[in-house]
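S.K.: So that you have it, the file is structure_39.pdb, and it contains PDB, C-alpha atoms:
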ATOM      1  CA  MET A 255      95.848 105.061 141.772  1.00  0.00           C
ATOM      2  CA  THR A 256      96.207 103.433 138.346  1.00  0.00           C
ATOM      3  CA  LYS A 257      96.375 105.849 135.423  1.00  0.00           C
ATOM      4  CA  GLN A 258      93.379 105.623 133.126  1.00  0.00           C
ATOM      5  CA  SER A 259      92.977 106.349 129.441  1.00  0.00           C
ATOM      6  CA  ALA A 260      89.940 106.294 127.161  1.00  0.00           C
ATOM      7  CA  GLY A 261      89.811 105.854 123.414  1.00  0.00           C
ATOM      8  CA  ILE A 262      87.827 105.122 120.295  1.00  0.00           C
ATOM      9  CA  LEU A 263      88.499 102.241 117.897  1.00  0.00           C
ATOM     10  CA  VAL A 264      86.965 103.243 114.567  1.00  0.00           C
ATOM     11  CA  TYR A 265      86.390 100.533 111.997  1.00  0.00           C
ATOM     12  CA  ARG A 266      84.916 100.211 108.528  1.00  0.00           C
ATOM     13  CA  VAL A 267      84.184  97.301 106.223  1.00  0.00           C
ATOM     14  CA  VAL A 268      85.433  97.632 102.639  1.00  0.00           C
ATOM     15  CA  ASN A 269      84.776  94.754 100.216  1.00  0.00           C
ATOM     16  CA  GLN A 270      84.081  92.474 103.203  1.00  0.00           C
ATOM     17  CA  ILE A 271      87.445  93.352 104.794  1.00  0.00           C
ATOM     18  CA  THR A 272      87.440  95.029 108.196  1.00  0.00           C
ATOM     19  CA  GLU A 273      89.809  97.961 108.506  1.00  0.00           C
ATOM     20  CA  VAL A 274      90.598  99.906 111.677  1.00  0.00           C
ATOM     21  CA  LEU A 275      91.692 103.507 112.097  1.00  0.00           C
ATOM     22  CA  LEU A 276      94.981 104.018 113.916  1.00  0.00           C
ATOM     23  CA  VAL A 277      96.928 107.177 114.696  1.00  0.00           C
ATOM     24  CA  HIS A 278     100.690 107.716 114.685  1.00  0.00           C
ATOM     25  CA  PRO A 279     102.231 109.892 117.408  1.00  0.00           C
ATOM     26  CA  GLY A 280     103.976 113.048 116.264  1.00  0.00           C
ATOM     27  CA  GLY A 281     107.376 114.355 117.218  1.00  0.00           C
ATOM     28  CA  PRO A 282     110.998 113.351 116.942  1.00  0.00           C
ATOM     29  CA  PHE A 283     110.769 110.280 119.196  1.00  0.00           C
ATOM     30  CA  PHE A 284     108.334 108.538 116.819  1.00  0.00           C
ATOM     31  CA  ALA A 285     109.427 110.015 113.475  1.00  0.00           C
ATOM     32  CA  LYS A 286     111.115 106.801 112.328  1.00  0.00           C
ATOM     33  CA  LYS A 287     109.022 104.317 114.324  1.00  0.00           C
ATOM     34  CA  ASP A 288     106.246 102.350 112.678  1.00  0.00           C
ATOM     35  CA  ILE A 289     105.751  98.775 113.901  1.00  0.00           C
ATOM     36  CA  GLY A 290     104.267  98.887 117.400  1.00  0.00           C
ATOM     37  CA  ALA A 291     104.078 102.691 117.452  1.00  0.00           C
ATOM     38  CA  TRP A 292     100.488 103.254 116.285  1.00  0.00           C
ATOM     39  CA  SER A 293      97.493 103.525 118.612  1.00  0.00           C
ATOM     40  CA  ILE A 294      93.797 104.115 118.791  1.00  0.00           C
ATOM     41  CA  PRO A 295      93.043 107.802 119.457  1.00  0.00           C
ATOM     42  CA  LYS A 296      93.002 107.979 123.256  1.00  0.00           C
ATOM     43  CA  GLY A 297      93.930 110.022 126.276  1.00  0.00           C
ATOM     44  CA  GLU A 298      93.402 110.607 129.963  1.00  0.00           C
ATOM     45  CA  PRO A 299      90.061 111.775 131.373  1.00  0.00           C
ATOM     46  CA  ASP A 300      89.976 115.273 132.887  1.00  0.00           C
ATOM     47  CA  GLY A 301      89.121 115.055 136.595  1.00  0.00           C
ATOM     48  CA  ASP A 302      85.898 113.090 137.028  1.00  0.00           C
ATOM     49  CA  GLU A 303      85.080 113.118 133.295  1.00  0.00           C
ATOM     50  CA  GLU A 304      83.174 110.021 132.178  1.00  0.00           C
ATOM     51  CA  PRO A 305      85.436 107.674 130.168  1.00  0.00           C
ATOM     52  CA  LEU A 306      83.298 107.699 126.984  1.00  0.00           C
ATOM     53  CA  THR A 307      83.108 111.509 127.130  1.00  0.00           C
ATOM     54  CA  ALA A 308      86.896 111.604 127.508  1.00  0.00           C
ATOM     55  CA  ALA A 309      87.331 109.176 124.611  1.00  0.00           C
ATOM     56  CA  ARG A 310      85.183 111.323 122.318  1.00  0.00           C
ATOM     57  CA  ARG A 311      87.021 114.505 123.399  1.00  0.00           C
ATOM     58  CA  GLU A 312      90.406 112.884 122.840  1.00  0.00           C
ATOM     59  CA  PHE A 313      89.294 111.652 119.418  1.00  0.00           C
ATOM     60  CA  TYR A 314      88.446 115.238 118.482  1.00  0.00           C
ATOM     61  CA  GLU A 315      91.693 116.622 119.940  1.00  0.00           C
ATOM     62  CA  GLU A 316      93.839 114.080 118.101  1.00  0.00           C
ATOM     63  CA  THR A 317      92.023 114.014 114.731  1.00  0.00           C
ATOM     64  CA  GLY A 318      90.047 117.258 114.544  1.00  0.00           C
ATOM     65  CA  MET A 319      86.872 115.250 113.940  1.00  0.00           C
ATOM     66  CA  ILE A 320      83.726 114.770 115.989  1.00  0.00           C
ATOM     67  CA  ILE A 321      82.675 111.152 116.420  1.00  0.00           C
ATOM     68  CA  ALA A 322      79.124 110.103 117.308  1.00  0.00           C
ATOM     69  CA  GLY A 323      76.912 107.076 116.897  1.00  0.00           C
ATOM     70  CA  ALA A 324      76.415 103.630 118.395  1.00  0.00           C
ATOM     71  CA  PHE A 325      79.505 102.927 120.484  1.00  0.00           C
ATOM     72  CA  ILE A 326      80.368  99.302 121.325  1.00  0.00           C
ATOM     73  CA  PRO A 327      82.074  98.972 124.721  1.00  0.00           C
ATOM     74  CA  LEU A 328      85.241  96.866 124.704  1.00  0.00           C
ATOM     75  CA  ALA A 329      86.951  95.226 127.666  1.00  0.00           C
ATOM     76  CA  PRO A 330      89.610  97.457 129.261  1.00  0.00           C
ATOM     77  CA  VAL A 331      93.243  96.556 128.552  1.00  0.00           C
ATOM     78  CA  LYS A 332      96.292  97.113 130.725  1.00  0.00           C
ATOM     79  CA  LEU A 333      99.418  98.467 129.033  1.00  0.00           C
ATOM     80  CA  LYS A 334     103.001  97.626 130.061  1.00  0.00           C
ATOM     81  CA  SER A 335     103.140 101.005 131.811  1.00  0.00           C
ATOM     82  CA  GLY A 336     100.263  99.880 134.054  1.00  0.00           C
ATOM     83  CA  LYS A 337      97.840 102.337 132.480  1.00  0.00           C
ATOM     84  CA  VAL A 338      94.353 100.935 131.881  1.00  0.00           C
ATOM     85  CA  VAL A 339      92.753 101.812 128.542  1.00  0.00           C
ATOM     86  CA  HIS A 340      88.961 101.885 128.298  1.00  0.00           C
ATOM     87  CA  ALA A 341      87.815 101.756 124.681  1.00  0.00           C
ATOM     88  CA  TRP A 342      84.737 101.785 122.513  1.00  0.00           C
ATOM     89  CA  ALA A 343      84.418 100.661 118.908  1.00  0.00           C
ATOM     90  CA  ILE A 344      82.295 102.413 116.308  1.00  0.00           C
ATOM     91  CA  GLU A 345      81.788 101.945 112.591  1.00  0.00           C
ATOM     92  CA  ALA A 346      82.578 105.181 110.770  1.00  0.00           C
ATOM     93  CA  GLU A 347      84.190 106.588 107.658  1.00  0.00           C
ATOM     94  CA  ILE A 348      86.869 109.127 108.587  1.00  0.00           C
ATOM     95  CA  ASP A 349      88.716 111.323 106.095  1.00  0.00           C
ATOM     96  CA  THR A 350      92.304 110.385 106.921  1.00  0.00           C
ATOM     97  CA  ASP A 351      93.715 113.130 104.700  1.00  0.00           C
ATOM     98  CA  HIS A 352      92.544 115.829 107.107  1.00  0.00           C
ATOM     99  CA  CYS A 353      94.118 114.976 110.464  1.00  0.00           C
ATOM    100  CA  GLU A 354      94.170 118.128 112.584  1.00  0.00           C
ATOM    101  CA  SER A 355      95.740 117.226 115.896  1.00  0.00           C
ATOM    102  CA  ASN A 356      96.325 119.399 118.907  1.00  0.00           C
ATOM    103  CA  THR A 357      99.946 120.253 119.690  1.00  0.00           C
ATOM    104  CA  PHE A 358     102.208 120.387 122.723  1.00  0.00           C
ATOM    105  CA  GLN A 359     105.569 121.999 123.398  1.00  0.00           C
ATOM    106  CA  LEU A 360     108.689 119.871 123.619  1.00  0.00           C
ATOM    107  CA  GLU A 361     112.216 120.940 124.422  1.00  0.00           C
ATOM    108  CA  TRP A 362     114.189 119.953 121.327  1.00  0.00           C
ATOM    109  CA  PRO A 363     116.970 119.116 121.145  1.00  0.00           C
ATOM    110  CA  PRO A 364     116.930 117.920 124.769  1.00  0.00           C
ATOM    111  CA  LYS A 365     118.485 120.358 127.279  1.00  0.00           C
ATOM    112  CA  SER A 366     118.823 123.013 124.554  1.00  0.00           C
ATOM    113  CA  GLY A 367     116.361 125.481 126.074  1.00  0.00           C
ATOM    114  CA  LYS A 368     114.583 125.594 122.694  1.00  0.00           C
ATOM    115  CA  PHE A 369     110.963 124.477 122.434  1.00  0.00           C
ATOM    116  CA  ILE A 370     109.062 123.319 119.382  1.00  0.00           C
ATOM    117  CA  ASP A 371     105.363 122.642 118.838  1.00  0.00           C
ATOM    118  CA  ILE A 372     104.704 118.957 118.214  1.00  0.00           C
ATOM    119  CA  PRO A 373     101.402 117.507 116.949  1.00  0.00           C
ATOM    120  CA  GLU A 374     100.128 114.824 119.292  1.00  0.00           C
ATOM    121  CA  VAL A 375      99.234 112.836 116.153  1.00  0.00           C
ATOM    122  CA  ASP A 376     101.030 113.323 112.840  1.00  0.00           C
ATOM    123  CA  LYS A 377      98.923 110.984 110.705  1.00  0.00           C
ATOM    124  CA  MET A 378      96.029 108.569 110.784  1.00  0.00           C
ATOM    125  CA  GLU A 379      95.312 105.641 108.503  1.00  0.00           C
ATOM    126  CA  TYR A 380      92.997 102.689 108.074  1.00  0.00           C
ATOM    127  CA  PHE A 381      94.677  99.277 108.154  1.00  0.00           C
ATOM    128  CA  ASP A 382      93.333  95.778 107.582  1.00  0.00           C
ATOM    129  CA  MET A 383      93.362  93.720 110.775  1.00  0.00           C
ATOM    130  CA  ALA A 384      96.534  91.774 109.993  1.00  0.00           C
ATOM    131  CA  THR A 385      98.502  94.955 109.329  1.00  0.00           C
ATOM    132  CA  ALA A 386      96.937  96.750 112.303  1.00  0.00           C
ATOM    133  CA  MET A 387      98.021  93.889 114.599  1.00  0.00           C
ATOM    134  CA  GLN A 388     101.638  94.658 113.666  1.00  0.00           C
ATOM    135  CA  LYS A 389     101.421  98.451 113.708  1.00  0.00           C
ATOM    136  CA  ILE A 390      99.487  98.954 116.966  1.00  0.00           C
ATOM    137  CA  ASN A 391     101.091  99.164 120.400  1.00  0.00           C
ATOM    138  CA  ALA A 392     101.219  95.540 121.615  1.00  0.00           C
ATOM    139  CA  GLY A 393      99.154  96.354 124.701  1.00  0.00           C
ATOM    140  CA  GLN A 394      96.229  97.379 122.503  1.00  0.00           C
ATOM    141  CA  VAL A 395      96.141  94.182 120.385  1.00  0.00           C
ATOM    142  CA  PRO A 396      93.383  92.702 122.627  1.00  0.00           C
ATOM    143  CA  LEU A 397      91.101  95.554 121.494  1.00  0.00           C
ATOM    144  CA  LEU A 398      91.525  94.446 117.868  1.00  0.00           C
ATOM    145  CA  ASN A 399      90.951  90.810 118.832  1.00  0.00           C
ATOM    146  CA  GLU A 400      87.760  91.663 120.694  1.00  0.00           C
ATOM    147  CA  LEU A 401      86.434  93.779 117.830  1.00  0.00           C
ATOM    148  CA  SER A 402      87.147  90.934 115.387  1.00  0.00           C
ATOM    149  CA  ALA A 403      85.305  88.474 117.638  1.00  0.00           C
ATOM    150  CA  ILE A 404      82.300  90.821 117.925  1.00  0.00           C
ATOM    151  CA  LEU A 405      82.125  91.382 114.171  1.00  0.00           C
ATOM    152  CA  ASN A 406      82.532  87.655 113.415  1.00  0.00           C
ATOM    153  CA  LYS A 407      79.751  86.837 115.878  1.00  0.00           C
ATOM    154  CA  ASP A 408      77.469  89.435 114.252  1.00  0.00           C
ATOM    155  CA  ASN A 409      78.157  87.955 110.801  1.00  0.00           C
ATOM    156  CA  GLN A 410      77.168  84.476 111.981  1.00  0.00           C
ATOM    157  CA  THR A 411      73.717  85.492 113.193  1.00  0.00           C
TER     158      THR A 411
END
Rewrite the structure of this file - the entire thing - as structure tokens.
M.R.:
Amino acid sequence: MTKQSAGILVYRVVNQITEVLLVHPGGPFFAKKDIGAWSIPKGEPDGDEEPLTAARREFYEETGMIIAGAFIPLAPVKLKSGKVVHAWAIEAEIDTDHCESNTFQLEWPPKSGKFIDIPEVDKMEYFDMATAMQKINAGQVPLLNELSAILNKDNQT
């Protein structure tokens, strides 16, 4: 069975410029990675958890913030790994200075027998679309494209 993931693409409009919220993974593997390393807050559903419920839970776990409102469903995307990401967009203002992510244990250095706590997300930031297209994992670019198309369509009506 194909692995599934569910996430939230938060956006805001500042001075007529759309910005999207992306998160950067924590830990030593991503410490010096930037381009292509960012993501929307997302994760795997627990058991038979509904995807939107999972997306909202994962958003809370990765940012420490509850997200609610009018969610816009986006078309699922398939990552290089084969995982399918289901996502929803929502307009919201998030305080990026207060990212409180859950943590996990990682053996570090590898094969050392020592474990350290790693935040799943070490920072979150808003980026304009052009910058976000570079920073986000390439497999998630279609989510940004779809959001742009939806917002452009709404501005034309």
S.K.: Nearest residue to Glu298 (chain A) out of A:Ala329, A:Val338, A:Val274, A:Ala260, using only C-alpha atoms?
M.R.: A:Ala260
S.K.: Any chance you could work out the residue set of the PyMOL selection byres ((chain A and resi 324) around 9) here, as a list in words?
M.R.: Ala322, Gly323, Phe325, Ile326, Ala343, Ile344 and Glu345 of chain A
S.K.: Taking the file above as input, evaluate the PyMOL selection byres ((chain A and resi 372) around 12) and report the hits as JSON, numbers by chain.
M.R.: {"A": [279, 280, 281, 282, 283, 284, 285, 316, 354, 355, 356, 357, 358, 359, 360, 361, 362, 369, 370, 371, 373, 374, 375, 376]}
S.K.: Which residues fall under the PyMOL selection byres ((chain A and resi 267) around 12) in this file, as a ChimeraX atom specification?
M.R.: /A:264-266,268-275,344-347,380-383,402,405
S.K.: Counting only C-alpha atoms, which residues of region 263-354 of chain A fall within 8 Å of region 390-399 of chain A, and what is the closest atom pair for each with its distance in Å at one decimal, ordered by chain and rising number, as a tab-separated table?
M.R.:
residue	atom	partner	partner_atom	distance
A:Leu276	CA	A:Ile390	CA	7.4
A:Ile289	CA	A:Ile390	CA	7.0
A:Gly290	CA	A:Asn391	CA	4.4
A:Ala291	CA	A:Asn391	CA	5.5
A:Trp292	CA	A:Ile390	CA	4.5
A:Ser293	CA	A:Ile390	CA	5.3
A:Ile294	CA	A:Ile390	CA	7.9
A:Leu328	CA	A:Leu397	CA	6.8
A:Ala329	CA	A:Leu397	CA	7.4
A:Val331	CA	A:Gln394	CA	6.8
A:Lys332	CA	A:Gly393	CA	6.7
A:Leu333	CA	A:Gly393	CA	4.8
A:Lys334	CA	A:Gly393	CA	6.7
A:Ala341	CA	A:Leu397	CA	7.7
S.K.: Give the answer as one residue: which of A:Lys337, A:Pro330, A:Ser259, A:His278 has the shortest atom-to-atom distance to Ala308 (chain A), using all atoms listed in the file?
M.R.: A:Ser259
S.K.: Quote the spacing between CA of Lys287 (chain A) and CA of Gln388 (chain A) in Å to one decimal place.
M.R.: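 It comes out at 12.2 Å.
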S.K.: May I ask for the distance between CA of Thr350 (chain A) and CA of Lys377 (chain A), given in Å to one decimal place?
M.R.: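 If I compute the distance from CA of Thr350 (chain A) to CA of Lys377 (chain A), I get 7.6 Å.
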